[in-house]
>>> print(open('structure_38.txt').read())   # compact mmCIF, C-alpha atoms and all ligand atoms
# COMPACT_ATOMS: atom_id res chain seq x y z
CA MET Y 1192 148.20 132.18 124.11
CA THR Y 1193 151.25 130.00 123.60
CA PRO Y 1194 149.93 126.42 123.62
CA GLY Y 1195 151.07 124.32 126.55
CA THR Y 1196 151.49 127.23 128.99
CA ARG Y 1197 148.20 127.06 130.90
CA THR Y 1198 146.03 124.30 132.24
CA ALA Y 1199 142.29 124.42 132.74
CA ILE Y 1200 140.61 121.82 134.92
CA VAL Y 1201 137.20 120.86 133.53
CA THR Y 1202 134.90 118.64 135.60
CA GLY Y 1203 132.36 116.44 133.88
CA ALA Y 1204 134.63 116.59 130.84
CA ALA Y 1205 133.87 113.13 129.45
CA ARG Y 1206 130.77 114.11 127.49
CA GLY Y 1207 128.17 116.79 126.77
CA ILE Y 1208 128.94 120.38 127.61
CA GLY Y 1209 132.16 119.55 129.49
CA LEU Y 1210 133.55 117.76 126.48
CA ALA Y 1211 132.59 120.59 124.09
CA VAL Y 1212 134.16 123.10 126.49
CA SER Y 1213 137.37 121.05 126.60
CA GLU Y 1214 137.61 120.89 122.81
CA ARG Y 1215 136.99 124.61 122.47
CA LEU Y 1216 139.59 125.47 125.12
CA ILE Y 1217 142.16 123.24 123.46
CA ALA Y 1218 141.65 125.30 120.30
CA ASP Y 1219 142.62 128.36 122.37
CA GLY Y 1220 145.84 126.66 123.50
CA TRP Y 1221 144.76 125.43 126.92
CA THR Y 1222 145.90 122.08 128.25
CA ILE Y 1223 142.84 120.34 129.70
CA ALA Y 1224 142.83 118.29 132.90
CA ALA Y 1225 139.67 116.38 132.03
CA CYS Y 1226 138.01 115.16 135.22
CA ASP Y 1227 135.10 112.73 135.29
CA MET Y 1228 133.97 109.42 136.75
CA LEU Y 1229 133.39 107.89 133.31
CA GLU Y 1230 136.86 106.45 132.83
CA ASP Y 1231 136.14 104.68 129.56
CA ARG Y 1232 134.68 107.79 127.96
CA LEU Y 1233 137.64 109.84 129.17
CA ARG Y 1234 140.05 107.36 127.64
CA GLU Y 1235 138.21 107.32 124.31
CA GLU Y 1236 138.17 111.10 124.08
CA ALA Y 1237 141.85 111.27 125.07
CA ALA Y 1238 142.67 108.94 122.19
CA ARG Y 1239 140.70 111.17 119.83
CA LEU Y 1240 141.84 114.58 121.12
CA GLY Y 1241 145.48 113.86 121.81
CA ASP Y 1242 147.94 115.13 124.38
CA SER Y 1243 146.13 118.37 125.26
CA TYR Y 1244 143.23 116.41 126.78
CA ARG Y 1245 144.53 114.67 129.88
CA PRO Y 1246 142.11 112.31 131.63
CA TYR Y 1247 141.81 112.18 135.42
CA ARG Y 1248 139.33 109.94 137.18
CA LEU Y 1249 137.68 111.95 139.92
CA ASP Y 1250 134.42 112.12 141.86
CA VAL Y 1251 133.78 115.78 142.70
CA THR Y 1252 131.90 114.80 145.86
CA SER Y 1253 134.91 113.06 147.37
CA GLU Y 1254 137.16 115.52 149.20
CA ASN Y 1255 139.93 112.97 149.17
CA ASP Y 1256 139.67 112.43 145.38
CA VAL Y 1257 139.52 116.14 144.76
CA ASN Y 1258 142.56 117.00 146.85
CA THR Y 1259 144.82 114.19 145.67
CA VAL Y 1260 143.87 114.54 142.00
CA CYS Y 1261 144.23 118.34 142.05
CA GLU Y 1262 147.72 117.94 143.51
CA ARG Y 1263 148.61 115.44 140.80
CA ILE Y 1264 147.24 117.76 138.13
CA ALA Y 1265 149.40 120.59 139.46
CA GLU Y 1266 152.50 118.41 139.31
CA GLU Y 1267 151.92 116.92 135.88
CA ASN Y 1268 150.76 119.91 133.82
CA PRO Y 1269 151.44 123.57 133.00
CA PRO Y 1270 150.23 126.07 135.67
CA VAL Y 1271 146.55 125.67 136.51
CA LEU Y 1272 144.98 129.03 135.63
CA GLY Y 1273 141.46 127.90 134.75
CA LEU Y 1274 138.70 125.89 136.40
CA VAL Y 1275 135.33 124.99 134.90
CA ASN Y 1276 132.91 123.53 137.43
CA ASN Y 1277 130.66 121.66 135.02
CA ALA Y 1278 129.97 118.24 136.57
CA GLY Y 1279 126.29 118.02 137.34
CA VAL Y 1280 123.38 115.66 137.74
CA THR Y 1281 119.59 115.81 137.85
CA ARG Y 1282 117.15 113.72 139.90
CA ASP Y 1283 113.86 115.29 138.88
CA SER Y 1284 110.57 114.81 140.68
CA LEU Y 1285 107.80 116.87 142.19
CA LEU Y 1286 108.48 118.01 145.72
CA MET Y 1287 105.85 115.73 147.22
CA ARG Y 1288 107.60 112.76 145.67
CA MET Y 1289 111.17 113.89 146.17
CA ASP Y 1290 113.08 111.87 148.72
CA ALA Y 1291 115.89 113.30 150.80
CA GLU Y 1292 118.37 111.15 148.91
CA ALA Y 1293 117.57 112.80 145.58
CA TRP Y 1294 117.83 116.19 147.25
CA ASP Y 1295 121.18 115.41 148.88
CA LEU Y 1296 122.77 113.85 145.83
CA VAL Y 1297 122.00 116.79 143.55
CA LEU Y 1298 123.18 119.35 146.09
CA LYS Y 1299 126.28 117.32 146.74
CA VAL Y 1300 127.41 116.91 143.15
CA ASN Y 1301 126.34 120.28 141.78
CA LEU Y 1302 127.14 122.57 144.71
CA THR Y 1303 129.44 120.82 147.17
CA GLY Y 1304 131.46 119.45 144.25
CA ALA Y 1305 132.10 122.98 142.99
CA PHE Y 1306 133.06 124.08 146.50
CA LEU Y 1307 135.60 121.27 146.95
CA MET Y 1308 137.14 121.78 143.52
CA THR Y 1309 137.35 125.55 143.88
CA LYS Y 1310 138.91 125.31 147.31
CA ALA Y 1311 141.55 122.89 146.06
CA VAL Y 1312 142.38 124.88 142.95
CA SER Y 1313 142.20 128.43 144.32
CA ARG Y 1314 145.22 127.74 146.47
CA GLN Y 1315 147.35 127.29 143.36
CA MET Y 1316 145.78 130.32 141.69
CA MET Y 1317 146.32 132.55 144.73
CA ARG Y 1318 150.01 131.75 144.66
CA ARG Y 1319 150.23 132.74 141.02
CA ARG Y 1320 148.04 135.80 141.42
CA ALA Y 1321 146.05 134.71 138.39
CA GLY Y 1322 143.10 132.58 137.50
CA SER Y 1323 139.61 132.38 136.08
CA ILE Y 1324 136.82 130.16 137.35
CA VAL Y 1325 133.57 129.44 135.50
CA ASN Y 1326 130.64 127.75 137.22
CA LEU Y 1327 127.92 126.07 135.17
CA SER Y 1328 124.65 127.22 136.69
CA SER Y 1329 121.37 126.92 134.78
CA VAL Y 1330 118.46 128.96 133.48
CA VAL Y 1331 116.29 127.17 136.05
CA ALA Y 1332 118.20 128.99 138.81
CA LEU Y 1333 116.85 132.24 137.35
CA VAL Y 1334 113.27 131.27 136.50
CA GLY Y 1335 112.57 128.06 138.47
CA SER Y 1336 111.34 124.76 137.12
CA ALA Y 1337 108.51 122.58 138.40
CA GLY Y 1338 109.88 119.16 139.21
CA GLN Y 1339 113.44 120.37 139.65
CA ALA Y 1340 113.45 122.03 143.08
CA ASN Y 1341 116.64 120.23 144.09
CA TYR Y 1342 118.42 121.00 140.83
CA ALA Y 1343 117.29 124.65 140.78
CA ALA Y 1344 118.38 125.08 144.40
CA SER Y 1345 121.82 123.71 143.61
CA LYS Y 1346 122.18 125.93 140.55
CA GLY Y 1347 120.90 128.99 142.43
CA GLY Y 1348 123.41 128.17 145.15
CA LEU Y 1349 126.15 128.28 142.54
CA ILE Y 1350 125.21 131.86 141.68
CA GLY Y 1351 125.62 133.04 145.28
CA PHE Y 1352 128.82 131.03 145.48
CA THR Y 1353 130.08 132.68 142.29
CA LYS Y 1354 129.33 136.23 143.41
CA SER Y 1355 130.84 135.74 146.85
CA LEU Y 1356 134.07 134.29 145.50
CA ALA Y 1357 134.24 137.03 142.88
CA ARG Y 1358 134.59 139.43 145.81
CA GLU Y 1359 136.74 137.20 147.94
CA LEU Y 1360 139.39 136.34 145.36
CA ALA Y 1361 139.43 139.54 143.29
CA SER Y 1362 142.39 141.04 145.13
CA ARG Y 1363 144.42 138.04 143.98
CA ASN Y 1364 143.45 138.59 140.34
CA ILE Y 1365 141.21 135.53 140.28
CA ARG Y 1366 137.91 136.08 138.48
CA VAL Y 1367 134.82 134.00 139.12
CA ASN Y 1368 131.82 134.00 136.78
CA ALA Y 1369 128.88 131.78 135.95
CA ILE Y 1370 127.01 130.69 132.86
CA ALA Y 1371 123.31 129.86 132.97
CA PRO Y 1372 122.63 127.57 130.01
CA GLY Y 1373 119.10 127.10 128.75
CA PHE Y 1374 118.11 123.82 127.12
CA ILE Y 1375 121.14 122.30 125.50
CA GLU Y 1376 121.15 119.10 123.47
CA THR Y 1377 123.14 116.62 125.57
CA GLU Y 1378 122.60 113.24 127.14
CA MET Y 1379 121.19 115.06 130.18
CA THR Y 1380 118.29 116.54 128.17
CA LEU Y 1381 117.96 113.67 125.69
CA SER Y 1382 116.64 111.62 128.59
CA LEU Y 1383 113.58 113.91 128.66
CA PRO Y 1384 110.50 112.70 126.73
CA GLU Y 1385 110.29 113.97 123.15
CA GLU Y 1386 107.12 116.03 123.75
CA VAL Y 1387 108.68 117.73 126.78
CA ARG Y 1388 111.67 118.74 124.70
CA LYS Y 1389 109.42 120.05 121.93
CA GLY Y 1390 107.44 122.00 124.51
CA TYR Y 1391 110.60 123.63 125.77
CA ALA Y 1392 111.85 124.47 122.30
CA GLU Y 1393 108.60 126.30 121.55
CA ARG Y 1394 109.14 128.59 124.53
CA ILE Y 1395 112.64 129.57 123.44
CA PRO Y 1396 112.61 132.88 121.52
CA LEU Y 1397 115.28 131.59 119.13
CA GLY Y 1398 113.02 128.58 118.52
CA ARG Y 1399 115.59 125.83 119.04
CA MET Y 1400 117.56 124.09 121.71
CA GLY Y 1401 121.18 125.10 122.17
CA LYS Y 1402 124.26 123.10 121.28
CA PRO Y 1403 127.11 122.28 123.65
CA SER Y 1404 129.33 124.45 121.45
CA ASP Y 1405 127.10 127.48 122.26
CA ILE Y 1406 128.12 127.08 125.91
CA ALA Y 1407 131.72 126.30 125.03
CA GLU Y 1408 132.16 129.63 123.21
CA VAL Y 1409 131.05 131.67 126.21
CA THR Y 1410 133.10 129.55 128.60
CA ALA Y 1411 136.20 130.14 126.48
CA PHE Y 1412 135.51 133.88 126.61
CA LEU Y 1413 135.10 133.92 130.41
CA LEU Y 1414 138.15 131.77 130.99
CA GLY Y 1415 140.45 133.72 128.71
CA ASP Y 1416 142.08 137.15 128.81
CA ALA Y 1417 139.43 138.72 126.58
CA SER Y 1418 137.20 138.93 129.68
CA SER Y 1419 139.88 140.18 132.06
CA TYR Y 1420 137.58 142.91 133.50
CA VAL Y 1421 134.52 140.66 133.81
CA ASN Y 1422 133.96 139.39 137.34
CA GLY Y 1423 131.03 138.04 139.33
CA ILE Y 1424 128.48 137.91 136.55
CA VAL Y 1425 126.03 135.29 135.35
CA ILE Y 1426 125.65 135.06 131.58
CA PRO Y 1427 122.46 133.35 130.42
CA VAL Y 1428 123.08 131.38 127.23
CA ASP Y 1429 119.55 130.26 126.55
CA GLY Y 1430 118.25 131.61 123.25
CA GLY Y 1431 116.33 134.25 125.17
CA LEU Y 1432 114.41 131.87 127.43
CA SER Y 1433 115.04 133.77 130.67
CA THR Y 1434 114.35 137.23 129.32
CA MET T 723 169.03 130.22 160.30
CA SER T 724 167.04 130.32 163.54
CA LEU T 725 163.36 129.51 163.54
CA GLU T 726 162.58 133.15 164.38
CA ASN T 727 164.59 134.36 161.41
CA ARG T 728 163.00 131.93 159.03
CA VAL T 729 159.52 132.99 160.16
CA THR T 730 160.48 136.64 159.85
CA GLU T 731 161.80 136.12 156.34
CA ILE T 732 158.55 134.49 155.24
CA ILE T 733 156.50 137.35 156.70
CA VAL T 734 158.72 140.01 155.14
CA ASN T 735 158.41 138.39 151.73
CA LYS T 736 154.67 137.96 151.94
CA LEU T 737 153.61 141.23 153.51
CA GLY T 738 156.34 143.54 152.26
CA VAL T 739 157.12 144.84 155.75
CA ARG T 740 160.57 145.58 157.22
CA ALA T 741 162.21 142.87 159.33
CA GLU T 742 162.39 145.29 162.30
CA GLU T 743 158.60 145.49 162.37
CA VAL T 744 158.27 141.73 162.80
CA SER T 745 158.48 141.49 166.60
CA ALA T 746 157.01 138.60 168.56
CA GLU T 747 154.11 140.77 169.70
CA ALA T 748 153.30 142.04 166.22
CA ASN T 749 149.73 141.21 165.21
CA PHE T 750 149.49 140.25 161.54
CA GLN T 751 146.39 142.27 160.83
CA THR T 752 146.59 145.30 163.13
CA ASP T 753 150.38 145.80 163.15
CA LEU T 754 151.59 144.31 159.87
CA GLY T 755 148.69 145.30 157.63
CA ALA T 756 147.70 141.81 156.53
CA ASP T 757 144.20 141.30 155.13
CA SER T 758 142.33 138.04 155.66
CA LEU T 759 143.59 136.50 152.42
CA ASP T 760 147.17 137.46 153.28
CA LEU T 761 146.71 135.49 156.49
CA VAL T 762 145.55 132.41 154.59
CA GLU T 763 148.53 132.71 152.27
CA LEU T 764 150.94 133.19 155.16
CA MET T 765 149.69 129.98 156.74
CA MET T 766 150.16 128.22 153.39
CA ASP T 767 153.73 129.51 153.26
CA PHE T 768 154.44 128.31 156.79
CA GLU T 769 152.99 124.91 155.89
CA ASP T 770 155.23 124.62 152.84
CA SER T 771 158.40 125.88 154.52
CA PHE T 772 158.05 123.84 157.68
CA LYS T 773 156.40 120.78 156.11
CA LEU T 774 153.40 120.60 158.37
CA LYS T 775 149.65 121.03 158.12
CA ILE T 776 148.00 123.87 160.05
CA SER T 777 144.29 123.15 160.48
CA ASP T 778 141.81 125.93 159.73
CA GLU T 779 140.87 125.95 163.40
CA ASP T 780 144.45 126.35 164.55
CA SER T 781 145.26 128.99 161.98
CA SER T 782 142.48 131.26 163.20
CA SER T 783 144.12 131.34 166.63
CA LEU T 784 147.52 132.37 165.25
CA LYS T 785 147.20 136.12 165.40
CA SER T 786 150.73 137.28 166.13
CA VAL T 787 154.26 136.40 165.10
CA GLY T 788 154.87 134.95 168.57
CA ASP T 789 151.77 132.74 168.27
CA VAL T 790 153.21 131.20 165.12
CA ILE T 791 156.65 130.59 166.60
CA LYS T 792 155.12 128.98 169.67
CA TYR T 793 152.86 126.85 167.48
CA LEU T 794 155.69 125.67 165.25
CA LYS T 795 157.83 124.72 168.24
CA ALA T 796 154.92 122.87 169.84
CA HIS T 797 154.50 120.93 166.60
CA GLY T 798 158.04 119.68 166.46
CA VAL T 799 159.70 122.27 164.25
CA GLU T 800 163.36 122.41 165.29
CA GLU T 801 165.28 125.58 165.93
N1 LIG Y 1501 122.07 120.15 129.10
C1 LIG Y 1501 121.40 121.22 129.51
O1 LIG Y 1501 120.36 121.57 128.96
C2 LIG Y 1501 121.90 122.03 130.67
C3 LIG Y 1501 121.20 123.19 131.01
C4 LIG Y 1501 121.65 123.96 132.07
C5 LIG Y 1501 122.76 123.58 132.77
N2 LIG Y 1501 123.43 122.44 132.44
C6 LIG Y 1501 124.59 122.08 133.25
O2 LIG Y 1501 125.73 121.90 132.47
C7 LIG Y 1501 126.55 120.90 133.04
C8 LIG Y 1501 126.85 119.80 132.02
O3 LIG Y 1501 125.63 119.24 131.59
P1 LIG Y 1501 125.50 118.18 130.41
O4 LIG Y 1501 124.21 118.45 129.76
O5 LIG Y 1501 126.74 118.15 129.62
O6 LIG Y 1501 125.33 116.83 131.29
P2 LIG Y 1501 125.90 115.35 131.05
O7 LIG Y 1501 125.10 114.49 131.96
O8 LIG Y 1501 125.94 115.01 129.61
O9 LIG Y 1501 127.39 115.47 131.57
C9 LIG Y 1501 127.71 115.65 132.91
C10 LIG Y 1501 129.05 115.01 133.18
O10 LIG Y 1501 129.33 115.16 134.58
C11 LIG Y 1501 129.87 113.94 135.06
N3 LIG Y 1501 129.65 113.79 136.50
C12 LIG Y 1501 128.47 113.58 137.13
N4 LIG Y 1501 128.66 113.43 138.45
C13 LIG Y 1501 129.99 113.53 138.66
C14 LIG Y 1501 130.83 113.46 139.82
N5 LIG Y 1501 130.30 113.23 141.04
N6 LIG Y 1501 132.15 113.64 139.68
C15 LIG Y 1501 132.69 113.84 138.46
N7 LIG Y 1501 131.96 113.92 137.32
C16 LIG Y 1501 130.63 113.78 137.43
C17 LIG Y 1501 129.14 112.88 134.27
O11 LIG Y 1501 129.85 111.64 134.30
C18 LIG Y 1501 129.05 113.50 132.90
O12 LIG Y 1501 130.17 113.17 132.10
C19 LIG Y 1501 125.80 120.38 134.26
O13 LIG Y 1501 126.27 121.04 135.41
C20 LIG Y 1501 124.39 120.77 133.97
O14 LIG Y 1501 123.64 120.91 135.14
C21 LIG Y 1501 123.01 121.66 131.39
>>> encode(input="structure_38.txt", output="structure tokens")
Amino acid sequence: MTPGTRTAIVTGAARGIGLAVSERLIADGWTIAACDMLEDRLREEAARLGDSYRPYRLDVTSENDVNTVCERIAEENPPVLGLVNNAGVTRDSLLMRMDAEAWDLVLKVNLTGAFLMTKAVSRQMMRRRAGSIVNLSSVVALVGSAGQANYAASKGGLIGFTKSLARELASRNIRVNAIAPGFIETEMTLSLPEEVRKGYAERIPLGRMGKPSDIAEVTAFLLGDASSYVNGIVIPVDGGLST
Amino acid sequence: MSLENRVTEIIVNKLGVRAEEVSAEANFQTDLGADSLDLVELMMDFEDSFKLKISDEDSSSLKSVGDVIKYLKAHGVEE
């Protein structure tokens, strides 16, 4: 790809998987519209990564933010041909202790956020008759996880969302796929107690947690032309955990 | 160009039909062969050309060419 000819919007791009995805896509020549609420982190990474990483402050749960920022992104960058719905949160607890707030927040960020972003961006992609969308689901959507009913529901929702849009947008040459990461070393999983993380690692056939770059490689594949006949699938990237 | 002609031009470009087929009674889906996504895109084209916002509710009631022309006039689009 000629650098500077395509833009990918990445949500949750300030750290963790979103940041690794952004760096990997830049290596492929993408311009990144890096969206996150962590303005300081965005600015730091922009200083480090240079002009291909363009920071935009955005809360994926705010329809107003999403629409105005996506319009600005379209005006200020090369054509938007990629979207990575990566922003996500957890609020873990057992069902009996889960309050409606924790349920709503997780559904809102992880699922509604992807809906709002995709709606805003697909308009531009439809016009161009080209685009690729990658949704970050999770292994827990496939196998469940005690203490994460809200999170697993949101990530399972993303799979149905992915497959439906894969059908809906295919005639406009827009592909929609999902990745289901296993346990990846980021700030999200570092907040888990050490023994929990060790317990998880022992259940992974490859015997280790994944790195953000493991997810970034597969995202780059799904976003790029190498996967131009791949549509509506969920790729587990989990060291074998879900098999 | 008259409003009717501008609307016709947009429809011809989007759906690849002949201008003669675009009568006021013509239904986008049954007469002009539009699929549901074509309809969404047509509404987007009308919004851009005539600088207005067509709500999702309104757009589902715009089934024929005449519906659109009436709607545009009712929303202040000049001849
Ligand atoms: N780390 C893992 O093991 C793992 C496993 C499976 C799936 N995932 C998924 O991958 C994605 C990235 O995870 P991560 O581990 O990098 O997490 P992370 O917490 O390190 O990063 C998430 C990013 O999303 C941003 N964000 C949160 N809410 C937002 C909002 N409302 N609007 C905009 N940005 C928002 C955060 O500021 C943060 O920068 C998430 O969707 C997560 O559910 C992670």
>>> interface_residues(input="structure_38.txt", of="chain T", to="chain Y", cutoff="10 Å", atoms="all atoms listed in the file", output="PyMOL selection string")
chain T and resi 758-760+762-763+766-767
>>> closest_atom_pairs(input="structure_38.txt", of="chain Y", to="ligand LIG 1501 (chain Y)", cutoff="8 Å", atoms="all atoms listed in the file", output="JSON lines")
{"residue": "Y:Thr1202", "atom": "CA", "partner": "Y:LIG1501", "partner_atom": "N7", "distance": 5.8}
{"residue": "Y:Gly1203", "atom": "CA", "partner": "Y:LIG1501", "partner_atom": "O10", "distance": 3.4}
{"residue": "Y:Ala1204", "atom": "CA", "partner": "Y:LIG1501", "partner_atom": "O12", "distance": 5.8}
{"residue": "Y:Ala1205", "atom": "CA", "partner": "Y:LIG1501", "partner_atom": "O12", "distance": 4.6}
{"residue": "Y:Arg1206", "atom": "CA", "partner": "Y:LIG1501", "partner_atom": "O12", "distance": 4.7}
{"residue": "Y:Gly1207", "atom": "CA", "partner": "Y:LIG1501", "partner_atom": "O5", "distance": 3.5}
{"residue": "Y:Ile1208", "atom": "CA", "partner": "Y:LIG1501", "partner_atom": "O5", "distance": 3.7}
{"residue": "Y:Gly1209", "atom": "CA", "partner": "Y:LIG1501", "partner_atom": "O5", "distance": 5.6}
{"residue": "Y:Leu1210", "atom": "CA", "partner": "Y:LIG1501", "partner_atom": "O5", "distance": 7.5}
{"residue": "Y:Cys1226", "atom": "CA", "partner": "Y:LIG1501", "partner_atom": "C15", "distance": 6.4}
{"residue": "Y:Asp1227", "atom": "CA", "partner": "Y:LIG1501", "partner_atom": "N7", "distance": 3.9}
{"residue": "Y:Met1228", "atom": "CA", "partner": "Y:LIG1501", "partner_atom": "C15", "distance": 4.9}
{"residue": "Y:Leu1229", "atom": "CA", "partner": "Y:LIG1501", "partner_atom": "O11", "distance": 5.3}
{"residue": "Y:Arg1248", "atom": "CA", "partner": "Y:LIG1501", "partner_atom": "C15", "distance": 7.8}
{"residue": "Y:Leu1249", "atom": "CA", "partner": "Y:LIG1501", "partner_atom": "C15", "distance": 5.5}
{"residue": "Y:Asp1250", "atom": "CA", "partner": "Y:LIG1501", "partner_atom": "N6", "distance": 3.5}
{"residue": "Y:Val1251", "atom": "CA", "partner": "Y:LIG1501", "partner_atom": "N6", "distance": 4.0}
{"residue": "Y:Thr1252", "atom": "CA", "partner": "Y:LIG1501", "partner_atom": "N5", "distance": 5.3}
{"residue": "Y:Ser1253", "atom": "CA", "partner": "Y:LIG1501", "partner_atom": "N5", "distance": 7.8}
{"residue": "Y:Asn1276", "atom": "CA", "partner": "Y:LIG1501", "partner_atom": "O13", "distance": 7.4}
{"residue": "Y:Asn1277", "atom": "CA", "partner": "Y:LIG1501", "partner_atom": "O13", "distance": 4.5}
{"residue": "Y:Ala1278", "atom": "CA", "partner": "Y:LIG1501", "partner_atom": "O10", "distance": 3.7}
{"residue": "Y:Gly1279", "atom": "CA", "partner": "Y:LIG1501", "partner_atom": "O13", "distance": 3.6}
{"residue": "Y:Val1280", "atom": "CA", "partner": "Y:LIG1501", "partner_atom": "C12", "distance": 5.5}
{"residue": "Y:Thr1281", "atom": "CA", "partner": "Y:LIG1501", "partner_atom": "O14", "distance": 7.1}
{"residue": "Y:Val1300", "atom": "CA", "partner": "Y:LIG1501", "partner_atom": "N5", "distance": 5.1}
{"residue": "Y:Asn1301", "atom": "CA", "partner": "Y:LIG1501", "partner_atom": "O13", "distance": 6.4}
{"residue": "Y:Gly1304", "atom": "CA", "partner": "Y:LIG1501", "partner_atom": "N5", "distance": 7.1}
{"residue": "Y:Leu1327", "atom": "CA", "partner": "Y:LIG1501", "partner_atom": "O13", "distance": 5.3}
{"residue": "Y:Ser1328", "atom": "CA", "partner": "Y:LIG1501", "partner_atom": "C5", "distance": 5.7}
{"residue": "Y:Ser1329", "atom": "CA", "partner": "Y:LIG1501", "partner_atom": "C4", "distance": 4.0}
{"residue": "Y:Val1330", "atom": "CA", "partner": "Y:LIG1501", "partner_atom": "C4", "distance": 6.1}
{"residue": "Y:Val1331", "atom": "CA", "partner": "Y:LIG1501", "partner_atom": "C4", "distance": 7.4}
{"residue": "Y:Tyr1342", "atom": "CA", "partner": "Y:LIG1501", "partner_atom": "O14", "distance": 7.7}
{"residue": "Y:Lys1346", "atom": "CA", "partner": "Y:LIG1501", "partner_atom": "O14", "distance": 7.5}
{"residue": "Y:Ala1371", "atom": "CA", "partner": "Y:LIG1501", "partner_atom": "C4", "distance": 6.2}
{"residue": "Y:Pro1372", "atom": "CA", "partner": "Y:LIG1501", "partner_atom": "C4", "distance": 4.3}
{"residue": "Y:Gly1373", "atom": "CA", "partner": "Y:LIG1501", "partner_atom": "C3", "distance": 5.0}
{"residue": "Y:Phe1374", "atom": "CA", "partner": "Y:LIG1501", "partner_atom": "O1", "distance": 3.7}
{"residue": "Y:Ile1375", "atom": "CA", "partner": "Y:LIG1501", "partner_atom": "O1", "distance": 3.6}
{"residue": "Y:Glu1376", "atom": "CA", "partner": "Y:LIG1501", "partner_atom": "N1", "distance": 5.8}
{"residue": "Y:Thr1377", "atom": "CA", "partner": "Y:LIG1501", "partner_atom": "O4", "distance": 4.7}
{"residue": "Y:Glu1378", "atom": "CA", "partner": "Y:LIG1501", "partner_atom": "O8", "distance": 4.5}
{"residue": "Y:Met1379", "atom": "CA", "partner": "Y:LIG1501", "partner_atom": "O7", "distance": 4.3}
{"residue": "Y:Thr1380", "atom": "CA", "partner": "Y:LIG1501", "partner_atom": "N1", "distance": 5.3}
{"residue": "Y:Gly1401", "atom": "CA", "partner": "Y:LIG1501", "partner_atom": "O1", "distance": 7.7}
{"residue": "Y:Pro1403", "atom": "CA", "partner": "Y:LIG1501", "partner_atom": "O5", "distance": 7.3}
>>> residues_around(input="structure_38.txt", residues="Ala756 of chain T", least_positions_apart="4", cutoff="10 Å", atoms="all atoms listed in the file", output="list of chain:residue names")
T:Ile733, T:Lys736, T:Leu737, T:Gly738, T:Val739, T:Asn749, T:Phe750, T:Gln751, T:Thr752, T:Asp760, T:Leu761, T:Val762, T:Leu764
>>> atom_distance(input="structure_38.txt", atom1="atom CA of Glu747 of chain T", atom2="atom CA of Leu784 of chain T")
11.6 Å
>>> residues_around(input="structure_38.txt", residues="Glu801 of chain T", least_positions_apart="3", cutoff="8 Å", atoms="only C-alpha atoms", output="MDAnalysis selection string")
chainID T and resid 724:725 795
>>> closest_residue(input="structure_38.txt", among="Y:Ala1291, Y:Val1387, Y:Leu1285, Y:Ile1264", to="Ala1337 of chain Y", atoms="all atoms listed in the file")
Y:Leu1285
>>> axis_aligned_box(input="structure_38.txt", around="segment 769-774 of chain T", padding_each_side="3 Å", output="JSON")
{"center_x": 155.7, "center_y": 123.2, "center_z": 155.6, "size_x": 11.4, "size_y": 11.3, "size_z": 11.5}
>>> residues_around(input="structure_38.txt", residues="Ala746 of chain T", least_positions_apart="2", cutoff="10 Å", atoms="only C-alpha atoms", output="number ranges by chain")
T: 726, 730, 743-744, 748-749, 786-792
>>> residues_near_point(input="structure_38.txt", point="(133.9, 132.3, 120.9)", cutoff="12 Å", atoms="only C-alpha atoms", output="ChimeraX atom specification")
/Y:1212,1215-1216,1218-1219,1404-1415,1417-1418
>>> closest_residue(input="structure_38.txt", among="Y:Leu1298, Y:Glu1236, Y:Ser1213, Y:Ser1313", to="Gly1347 of chain Y", atoms="all atoms listed in the file")
Y:Leu1298
>>> atom_distance(input="structure_38.txt", atom1="atom CA of Val799 of chain T", atom2="atom CA of Val1312 of chain Y")
27.6 Å
>>> atom_distance(input="structure_38.txt", atom1="atom CA of Ala1340 of chain Y", atom2="atom CA of Ser1433 of chain Y")
17.2 Å
